[in-house]
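File shown: final.pdb (PDB, C-alpha atoms).
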ATOM      1  CA  MET A  14    -153.176 137.308 145.055
ATOM      2  CA  TYR A  15    -152.651 133.780 146.367
ATOM      3  CA  PHE A  16    -151.876 130.980 143.919
ATOM      4  CA  LEU A  17    -151.765 128.139 146.455
ATOM      5  CA  PRO A  18    -154.707 126.678 148.407
ATOM      6  CA  GLU A  19    -155.074 128.528 151.709
ATOM      7  CA  THR A  20    -154.089 125.542 153.842
ATOM      8  CA  LEU A  21    -150.904 124.967 151.836
ATOM      9  CA  ASP A  22    -150.100 128.666 151.815
ATOM     10  CA  ASN A  23    -150.500 128.755 155.603
ATOM     11  CA  TYR A  24    -148.062 125.842 155.874
ATOM     12  CA  VAL A  25    -145.498 127.660 153.727
ATOM     13  CA  VAL A  26    -145.789 130.809 155.828
ATOM     14  CA  SER A  27    -145.655 128.985 159.156
ATOM     15  CA  HIS A  28    -142.454 127.193 158.145
ATOM     16  CA  SER A  29    -140.720 130.355 156.935
ATOM     17  CA  GLU A  30    -138.856 132.997 158.926
ATOM     18  CA  GLN A  31    -141.066 135.165 161.105
ATOM     19  CA  GLU A  32    -141.677 138.855 160.510
ATOM     20  CA  PRO A  33    -139.625 141.122 162.822
ATOM     21  CA  GLU A  34    -141.555 143.077 165.465
ATOM     22  CA  LEU A  35    -140.674 146.470 163.973
ATOM     23  CA  LEU A  36    -142.231 145.465 160.652
ATOM     24  CA  GLN A  37    -145.347 144.285 162.467
ATOM     25  CA  GLN A  38    -145.600 147.755 164.011
ATOM     26  CA  LEU A  39    -145.085 149.402 160.617
ATOM     27  CA  THR A  40    -147.844 147.238 159.140
ATOM     28  CA  ARG A  41    -150.307 148.099 161.900
ATOM     29  CA  GLU A  42    -149.710 151.819 161.577
ATOM     30  CA  THR A  43    -149.880 151.685 157.786
ATOM     31  CA  TYR A  44    -153.317 150.051 157.968
ATOM     32  CA  GLN A  45    -154.451 152.593 160.560
ATOM     33  CA  LYS A  46    -153.258 155.767 158.838
ATOM     34  CA  ILE A  47    -152.311 155.281 155.177
ATOM     35  CA  LEU A  48    -154.506 154.890 152.107
ATOM     36  CA  GLN A  49    -154.194 151.663 150.091
ATOM     37  CA  PRO A  50    -152.310 149.658 152.745
ATOM     38  CA  ILE A  51    -152.605 146.625 150.471
ATOM     39  CA  MET A  52    -149.548 148.065 148.692
ATOM     40  CA  LEU A  53    -147.378 146.725 151.536
ATOM     41  CA  SER A  54    -145.128 143.841 150.567
ATOM     42  CA  GLY A  55    -146.409 141.787 153.497
ATOM     43  CA  PRO A  56    -144.627 139.447 155.926
ATOM     44  CA  TYR A  57    -143.988 136.438 153.668
ATOM     45  CA  GLN A  58    -142.821 138.385 150.638
ATOM     46  CA  GLY A  59    -140.821 140.598 152.983
ATOM     47  CA  ARG A  60    -138.899 137.552 154.211
ATOM     48  CA  VAL A  61    -138.310 136.518 150.596
ATOM     49  CA  LEU A  62    -136.903 139.975 149.801
ATOM     50  CA  SER A  63    -134.742 139.828 152.912
ATOM     51  CA  MET A  64    -133.381 136.396 151.989
ATOM     52  CA  ILE A  65    -132.557 137.423 148.422
ATOM     53  CA  SER A  66    -130.818 140.554 149.664
ATOM     54  CA  LYS A  67    -128.798 138.529 152.164
ATOM     55  CA  LEU A  68    -127.757 136.122 149.415
ATOM     56  CA  VAL A  69    -126.670 138.993 147.158
ATOM     57  CA  ASN A  70    -125.088 140.906 150.080
ATOM     58  CA  PRO A  71    -125.236 144.171 148.098
ATOM     59  CA  LYS A  72    -123.080 147.223 148.589
ATOM     60  CA  CYS A  73    -125.662 149.471 146.947
ATOM     61  CA  ILE A  74    -129.416 148.966 146.449
ATOM     62  CA  LEU A  75    -131.933 151.018 144.479
ATOM     63  CA  GLU A  76    -135.635 150.772 145.280
ATOM     64  CA  LEU A  77    -138.320 152.318 143.086
ATOM     65  CA  GLY A  78    -141.506 152.749 145.106
ATOM     66  CA  THR A  79    -140.961 153.159 148.841
ATOM     67  CA  PHE A  80    -144.580 153.442 150.049
ATOM     68  CA  THR A  81    -144.252 153.212 153.865
ATOM     69  CA  GLY A  82    -140.822 151.579 153.786
ATOM     70  CA  TYR A  83    -141.633 147.947 154.549
ATOM     71  CA  ALA A  84    -139.718 146.444 151.624
ATOM     72  CA  THR A  85    -136.952 149.003 152.125
ATOM     73  CA  LEU A  86    -136.251 147.636 155.584
ATOM     74  CA  CYS A  87    -136.422 144.035 154.350
ATOM     75  CA  LEU A  88    -133.892 144.727 151.606
ATOM     76  CA  ALA A  89    -131.656 146.676 153.998
ATOM     77  CA  GLU A  90    -131.198 143.517 156.077
ATOM     78  CA  GLY A  91    -128.835 142.159 153.425
ATOM     79  CA  LEU A  92    -126.689 145.258 152.994
ATOM     80  CA  GLN A  93    -122.981 145.141 153.636
ATOM     81  CA  ASN A  94    -121.988 146.976 156.820
ATOM     82  CA  ASP A  95    -121.041 150.073 154.846
ATOM     83  CA  GLY A  96    -123.752 149.581 152.218
ATOM     84  CA  ILE A  97    -126.438 152.058 151.176
ATOM     85  CA  ILE A  98    -129.979 151.781 149.872
ATOM     86  CA  HIS A  99    -131.435 154.602 147.801
ATOM     87  CA  THR A 100    -135.230 154.537 147.793
ATOM     88  CA  ILE A 101    -137.460 156.712 145.595
ATOM     89  CA  ASP A 102    -141.125 157.573 146.032
ATOM     90  CA  ILE A 103    -143.232 160.265 144.417
ATOM     91  CA  ASN A 104    -145.475 160.828 147.464
ATOM     92  CA  GLU A 105    -143.867 163.462 149.680
ATOM     93  CA  GLU A 106    -146.563 162.986 152.334
ATOM     94  CA  LEU A 107    -145.062 159.592 153.211
ATOM     95  CA  HIS A 108    -141.526 160.900 153.787
ATOM     96  CA  ASP A 109    -141.775 161.444 157.545
ATOM     97  CA  PHE A 110    -143.674 158.184 158.100
ATOM     98  CA  GLN A 111    -140.916 156.281 156.293
ATOM     99  CA  ARG A 112    -138.141 158.050 158.173
ATOM    100  CA  LYS A 113    -139.696 157.311 161.549
ATOM    101  CA  TYR A 114    -139.453 153.578 160.946
ATOM    102  CA  PHE A 115    -136.101 153.773 159.184
ATOM    103  CA  ASP A 116    -134.656 155.511 162.242
ATOM    104  CA  LYS A 117    -136.204 152.929 164.583
ATOM    105  CA  SER A 118    -134.351 150.199 162.702
ATOM    106  CA  ASN A 119    -130.671 149.309 162.648
ATOM    107  CA  TYR A 120    -130.404 150.621 159.097
ATOM    108  CA  GLY A 121    -131.556 154.232 159.311
ATOM    109  CA  HIS A 122    -128.076 155.610 158.604
ATOM    110  CA  GLN A 123    -127.873 153.412 155.490
ATOM    111  CA  ILE A 124    -131.162 154.513 153.909
ATOM    112  CA  ILE A 125    -131.275 157.562 151.644
ATOM    113  CA  GLN A 126    -134.731 158.820 150.678
ATOM    114  CA  HIS A 127    -135.528 160.564 147.401
ATOM    115  CA  THR A 128    -138.896 162.180 146.712
ATOM    116  CA  GLY A 129    -140.061 162.832 143.168
ATOM    117  CA  ASN A 130    -140.341 161.239 139.761
ATOM    118  CA  ALA A 131    -137.979 158.260 139.591
ATOM    119  CA  LEU A 132    -137.315 158.824 135.891
ATOM    120  CA  ASP A 133    -135.959 162.265 136.767
ATOM    121  CA  ILE A 134    -133.996 161.116 139.825
ATOM    122  CA  ILE A 135    -132.342 157.968 138.446
ATOM    123  CA  PRO A 136    -130.140 159.806 135.898
ATOM    124  CA  GLU A 137    -128.888 162.068 138.697
ATOM    125  CA  LEU A 138    -127.583 159.117 140.735
ATOM    126  CA  ASP A 139    -123.929 158.721 139.770
ATOM    127  CA  LEU A 140    -123.866 155.171 141.118
ATOM    128  CA  THR A 141    -124.044 151.550 140.119
ATOM    129  CA  PHE A 142    -126.154 149.008 141.961
ATOM    130  CA  ASP A 143    -125.935 145.360 142.957
ATOM    131  CA  LEU A 144    -129.670 145.006 143.617
ATOM    132  CA  ILE A 145    -132.635 146.949 142.235
ATOM    133  CA  PHE A 146    -136.257 146.515 143.348
ATOM    134  CA  ILE A 147    -138.984 147.829 141.038
ATOM    135  CA  ASP A 148    -142.350 148.212 142.757
ATOM    136  CA  ALA A 149    -143.819 151.485 141.517
ATOM    137  CA  ASP A 150    -146.452 152.537 138.964
ATOM    138  CA  LYS A 151    -146.972 149.740 136.458
ATOM    139  CA  PRO A 152    -147.288 151.863 133.262
ATOM    140  CA  ASN A 153    -143.661 152.945 133.719
ATOM    141  CA  TYR A 154    -142.155 149.526 134.476
ATOM    142  CA  SER A 155    -140.464 149.229 131.078
ATOM    143  CA  ASN A 156    -139.235 152.823 131.321
ATOM    144  CA  TYR A 157    -137.758 152.067 134.736
ATOM    145  CA  PHE A 158    -135.976 149.020 133.363
ATOM    146  CA  HIS A 159    -134.387 151.021 130.556
ATOM    147  CA  ALA A 160    -133.405 153.732 133.051
ATOM    148  CA  VAL A 161    -131.640 151.347 135.444
ATOM    149  CA  ILE A 162    -130.185 148.525 133.364
ATOM    150  CA  ASP A 163    -126.935 150.358 132.596
ATOM    151  CA  LYS A 164    -126.567 151.207 136.299
ATOM    152  CA  LEU A 165    -126.823 147.547 137.314
ATOM    153  CA  ASN A 166    -123.495 145.848 137.936
ATOM    154  CA  GLN A 167    -122.631 142.648 136.093
ATOM    155  CA  GLY A 168    -124.142 139.784 138.058
ATOM    156  CA  GLY A 169    -126.507 142.241 139.732
ATOM    157  CA  ILE A 170    -130.180 141.492 140.363
ATOM    158  CA  ILE A 171    -133.394 143.274 139.411
ATOM    159  CA  LEU A 172    -136.437 142.241 141.438
ATOM    160  CA  SER A 173    -139.791 143.204 139.902
ATOM    161  CA  ASP A 174    -143.002 143.023 141.916
ATOM    162  CA  ASN A 175    -146.616 142.430 140.800
ATOM    163  CA  VAL A 176    -145.627 140.765 137.531
ATOM    164  CA  LEU A 177    -148.681 138.466 137.622
ATOM    165  CA  TRP A 178    -150.950 141.449 138.326
ATOM    166  CA  HIS A 179    -153.790 139.700 140.160
ATOM    167  CA  GLY A 180    -153.786 136.951 137.523
ATOM    168  CA  LYS A 181    -154.852 139.390 134.793
ATOM    169  CA  VAL A 182    -151.782 138.500 132.708
ATOM    170  CA  ILE A 183    -153.563 135.346 131.493
ATOM    171  CA  GLU A 184    -157.008 136.904 131.049
ATOM    172  CA  PRO A 185    -158.325 138.596 127.873
ATOM    173  CA  LEU A 186    -156.883 142.103 127.819
ATOM    174  CA  GLN A 187    -159.425 144.891 128.250
ATOM    175  CA  GLU A 188    -158.910 147.794 125.853
ATOM    176  CA  LYS A 189    -158.631 150.454 128.568
ATOM    177  CA  ASP A 190    -156.583 148.374 131.016
ATOM    178  CA  ILE A 191    -153.317 150.300 130.719
ATOM    179  CA  SER A 192    -151.649 148.712 133.738
ATOM    180  CA  THR A 193    -152.176 145.114 132.641
ATOM    181  CA  LYS A 194    -150.918 145.949 129.141
ATOM    182  CA  ALA A 195    -147.829 147.546 130.701
ATOM    183  CA  VAL A 196    -147.142 144.478 132.854
ATOM    184  CA  LEU A 197    -147.545 142.168 129.845
ATOM    185  CA  ASP A 198    -145.110 144.287 127.830
ATOM    186  CA  TYR A 199    -142.680 144.384 130.737
ATOM    187  CA  ASN A 200    -142.736 140.629 131.217
ATOM    188  CA  THR A 201    -142.012 140.178 127.509
ATOM    189  CA  LEU A 202    -139.163 142.687 127.743
ATOM    190  CA  LEU A 203    -137.546 140.771 130.618
ATOM    191  CA  LYS A 204    -137.902 137.484 128.751
ATOM    192  CA  GLU A 205    -136.421 138.790 125.501
ATOM    193  CA  ASP A 206    -133.665 141.175 126.647
ATOM    194  CA  LYS A 207    -130.396 139.306 126.147
ATOM    195  CA  ARG A 208    -128.566 141.343 128.792
ATOM    196  CA  ILE A 209    -130.404 139.504 131.557
ATOM    197  CA  GLU A 210    -131.664 136.060 132.535
ATOM    198  CA  THR A 211    -135.044 135.939 134.222
ATOM    199  CA  VAL A 212    -137.151 133.656 136.404
ATOM    200  CA  VAL A 213    -140.742 134.429 137.420
ATOM    201  CA  LEU A 214    -141.715 133.291 140.911
ATOM    202  CA  PRO A 215    -145.451 132.814 141.685
ATOM    203  CA  ILE A 216    -145.027 134.472 145.084
ATOM    204  CA  ARG A 217    -148.007 136.551 146.158
ATOM    205  CA  ASP A 218    -148.712 138.811 143.139
ATOM    206  CA  GLY A 219    -145.673 137.569 141.228
ATOM    207  CA  LEU A 220    -142.004 138.403 141.741
ATOM    208  CA  THR A 221    -139.432 138.276 138.957
ATOM    209  CA  ILE A 222    -135.702 137.792 139.521
ATOM    210  CA  SER A 223    -133.563 139.046 136.653
ATOM    211  CA  ARG A 224    -129.777 138.680 136.713
ATOM    212  CA  LYS A 225    -127.493 140.776 134.522
ATOM    213  CA  ARG A 226    -125.231 138.554 132.445
TER     214      ARG A 226
END

Just give me the structure as structure tokens.
Amino acid sequence: MYFLPETLDNYVVSHSEQEPELLQQLTRETYQKILQPIMLSGPYQGRVLSMISKLVNPKCILELGTFTGYATLCLAEGLQNDGIIHTIDINEELHDFQRKYFDKSNYGHQIIQHTGNALDIIPELDLTFDLIFIDADKPNYSNYFHAVIDKLNQGGIILSDNVLWHGKVIEPLQEKDISTKAVLDYNTLLKEDKRIETVVLPIRDGLTISRKR
């Protein structure tokens, strides 16, 4: 979803940091071999994720929804030298694809993959996090928030993707549209939860930054 006129959006992209070559390769292979390649974060949002991670300079990151690992690698760019990113995805068929690109990068030794249901895995992680990226199945967004909020360090950041959901958040809600209802509920949760402060950015399909007070 693009909220700016194409010419203005092209200007924004052309005056932002360029996508690294490895991520260009990952994108090409994802489109060649993987179903629903549109789930990739994409070059511009990837640079936004990278910049936020570099500003936070996290020791420990949690990512919910790895897909082919594009956003994982962007977030890893901001890790401290001895930092770790834990990334969770339910699709075991993507594990080897992810690892191939993780190991091609400078961050392979800092990336720990988990395969399975995030709501089962999160409680098993005896860790706290400086940065959490939520980009998984929309119906569970609120459940993910409740599962991770106590594991987020004070001053830590939650990034939530797709919070504008193709613009459907301002359209009449269809009775059977479970995902849009879940995103609407999640956005309300982030606005009203007093443990965090939240800003919605109209970047691509919507990206929310929430900071723990």

Could you pull the residues within 10 Å of region 61-71 of chain A, counting all atoms listed in the file, minus those fewer than 4 positions along the same chain, as a ChimeraX atom specification? /A:29-30,54,56-57,84-98,142-146,168-170,172,216,220,222

Could you write out as a list in words the residues that the PyMOL selection byres ((chain A and resi 196-200) around 8) matches in the shown file?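 Output from the PyMOL selection byres ((chain A and resi 196-200) around 8), applied to this file: Lys151, Pro152, Tyr154, Ser155, Val176, Leu177, Trp178, Val182, Ser192, Thr193, Lys194, Ala195, Thr201, Leu202, Leu203 and Lys204 of chain A.
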
Go through A:Glu184, A:Asp148, A:Asp139, A:Asp102 and flag the residue nearest Asp163 (chain A), using all atoms listed in the file for the distances.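 Of the candidates, the smallest distance to Asp163 (chain A) is held by A:Asp139.
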
Pick out the residues sitting within 9 Å of region 125-134 of chain A, and hand them over as a list in words; count all atoms listed in the file, and ignore anything fewer than 3 positions along from it in its own chain.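 Near region 125-134 of chain A, the qualifying residues are Leu77, Gly78, Thr79, Ile97, Ile98, His99, Thr100, Ile101, Asp102, Ile103, Asn104, Glu105, His108, Gln111, Arg112, Gly121, His122, Glu137, Leu138, Asn153, Asn156, Tyr157 and Ala160 of chain A.
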
Among the residues A:Ser173, A:Ile74, A:Asp190, A:Phe115, the one that comes closest to Leu140 (chain A) [using all atoms listed in the file]: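 So, comparing all the options, the nearest one is A:Ile74.
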
So how far away is CA of Thr40 (chain A) from CA of Gln58 (chain A), in Å?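 Calculated distance between CA of Gln58 (chain A) and CA of Thr40 (chain A) is 13.3 Å.
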
A straight line from CA of Arg60 (chain A) to CA of Tyr114 (chain A) spans 17.4 Å

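Minimum atom-to-atom distances from A:Asn119, A:Thr81, A:Thr211, A:Asn175 to Leu48 (chain A) were compared using all atoms listed in the file, and the lowest value belongs to A:Thr81.
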
Since the input is missing atoms for region 90-115 of chain A, could you rebuild it with N, CA and C atoms and give the result as a short mmCIF file (atom, residue, chain, number, x, y, z; two decimals), keeping the file's coordinate frame?
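Saved file part.cif follows:
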data_model
loop_
_atom_site.label_atom_id
_atom_site.label_comp_id
_atom_site.auth_asym_id
_atom_site.auth_seq_id
_atom_site.Cartn_x
_atom_site.Cartn_y
_atom_site.Cartn_z
N GLU A 90 -131.74 144.58 155.22
CA GLU A 90 -131.20 143.52 156.08
C GLU A 90 -130.01 142.81 155.43
N GLY A 91 -129.92 142.84 154.10
CA GLY A 91 -128.84 142.16 153.43
C GLY A 91 -127.66 143.04 153.06
N LEU A 92 -127.76 144.33 153.35
CA LEU A 92 -126.69 145.26 152.99
C LEU A 92 -125.37 144.91 153.68
N GLN A 93 -124.27 145.18 152.98
CA GLN A 93 -122.98 145.14 153.64
C GLN A 93 -122.94 146.21 154.73
N ASN A 94 -122.02 146.07 155.67
CA ASN A 94 -121.99 146.98 156.82
C ASN A 94 -121.87 148.44 156.42
N ASP A 95 -121.18 148.70 155.32
CA ASP A 95 -121.04 150.07 154.85
C ASP A 95 -121.89 150.32 153.60
N GLY A 96 -122.90 149.47 153.39
CA GLY A 96 -123.75 149.58 152.22
C GLY A 96 -124.82 150.65 152.36
N ILE A 97 -125.43 151.00 151.23
CA ILE A 97 -126.44 152.06 151.18
C ILE A 97 -127.61 151.60 150.31
N ILE A 98 -128.81 151.98 150.72
CA ILE A 98 -129.98 151.78 149.87
C ILE A 98 -130.59 153.14 149.55
N HIS A 99 -130.76 153.40 148.28
CA HIS A 99 -131.44 154.60 147.80
C HIS A 99 -132.86 154.20 147.45
N THR A 100 -133.83 154.88 148.05
CA THR A 100 -135.23 154.54 147.79
C THR A 100 -135.98 155.78 147.31
N ILE A 101 -136.79 155.60 146.26
CA ILE A 101 -137.46 156.71 145.60
C ILE A 101 -138.97 156.53 145.66
N ASP A 102 -139.66 157.59 146.05
CA ASP A 102 -141.12 157.57 146.03
C ASP A 102 -141.63 158.96 145.63
N ILE A 103 -142.72 158.99 144.92
CA ILE A 103 -143.23 160.26 144.42
C ILE A 103 -144.10 160.98 145.44
N ASN A 104 -144.54 160.26 146.48
CA ASN A 104 -145.48 160.83 147.46
C ASN A 104 -144.72 161.46 148.63
N GLU A 105 -144.62 162.78 148.63
CA GLU A 105 -143.87 163.46 149.68
C GLU A 105 -144.54 163.37 151.04
N GLU A 106 -145.84 163.09 151.06
CA GLU A 106 -146.56 162.99 152.33
C GLU A 106 -146.13 161.76 153.14
N LEU A 107 -145.49 160.80 152.51
CA LEU A 107 -145.06 159.59 153.21
C LEU A 107 -143.65 159.70 153.76
N HIS A 108 -142.95 160.78 153.44
CA HIS A 108 -141.53 160.90 153.79
C HIS A 108 -141.27 160.74 155.28
N ASP A 109 -142.01 161.48 156.10
CA ASP A 109 -141.78 161.44 157.54
C ASP A 109 -142.18 160.10 158.15
N PHE A 110 -143.26 159.51 157.63
CA PHE A 110 -143.67 158.18 158.10
C PHE A 110 -142.56 157.17 157.84
N GLN A 111 -142.01 157.19 156.64
CA GLN A 111 -140.92 156.28 156.29
C GLN A 111 -139.73 156.49 157.23
N ARG A 112 -139.35 157.75 157.40
CA ARG A 112 -138.14 158.05 158.17
C ARG A 112 -138.29 157.63 159.62
N LYS A 113 -139.49 157.73 160.16
CA LYS A 113 -139.70 157.31 161.55
C LYS A 113 -139.32 155.84 161.73
N TYR A 114 -139.75 155.00 160.82
CA TYR A 114 -139.45 153.58 160.95
C TYR A 114 -138.03 153.25 160.52
N PHE A 115 -137.50 153.99 159.55
CA PHE A 115 -136.10 153.77 159.18
C PHE A 115 -135.20 154.04 160.39
#
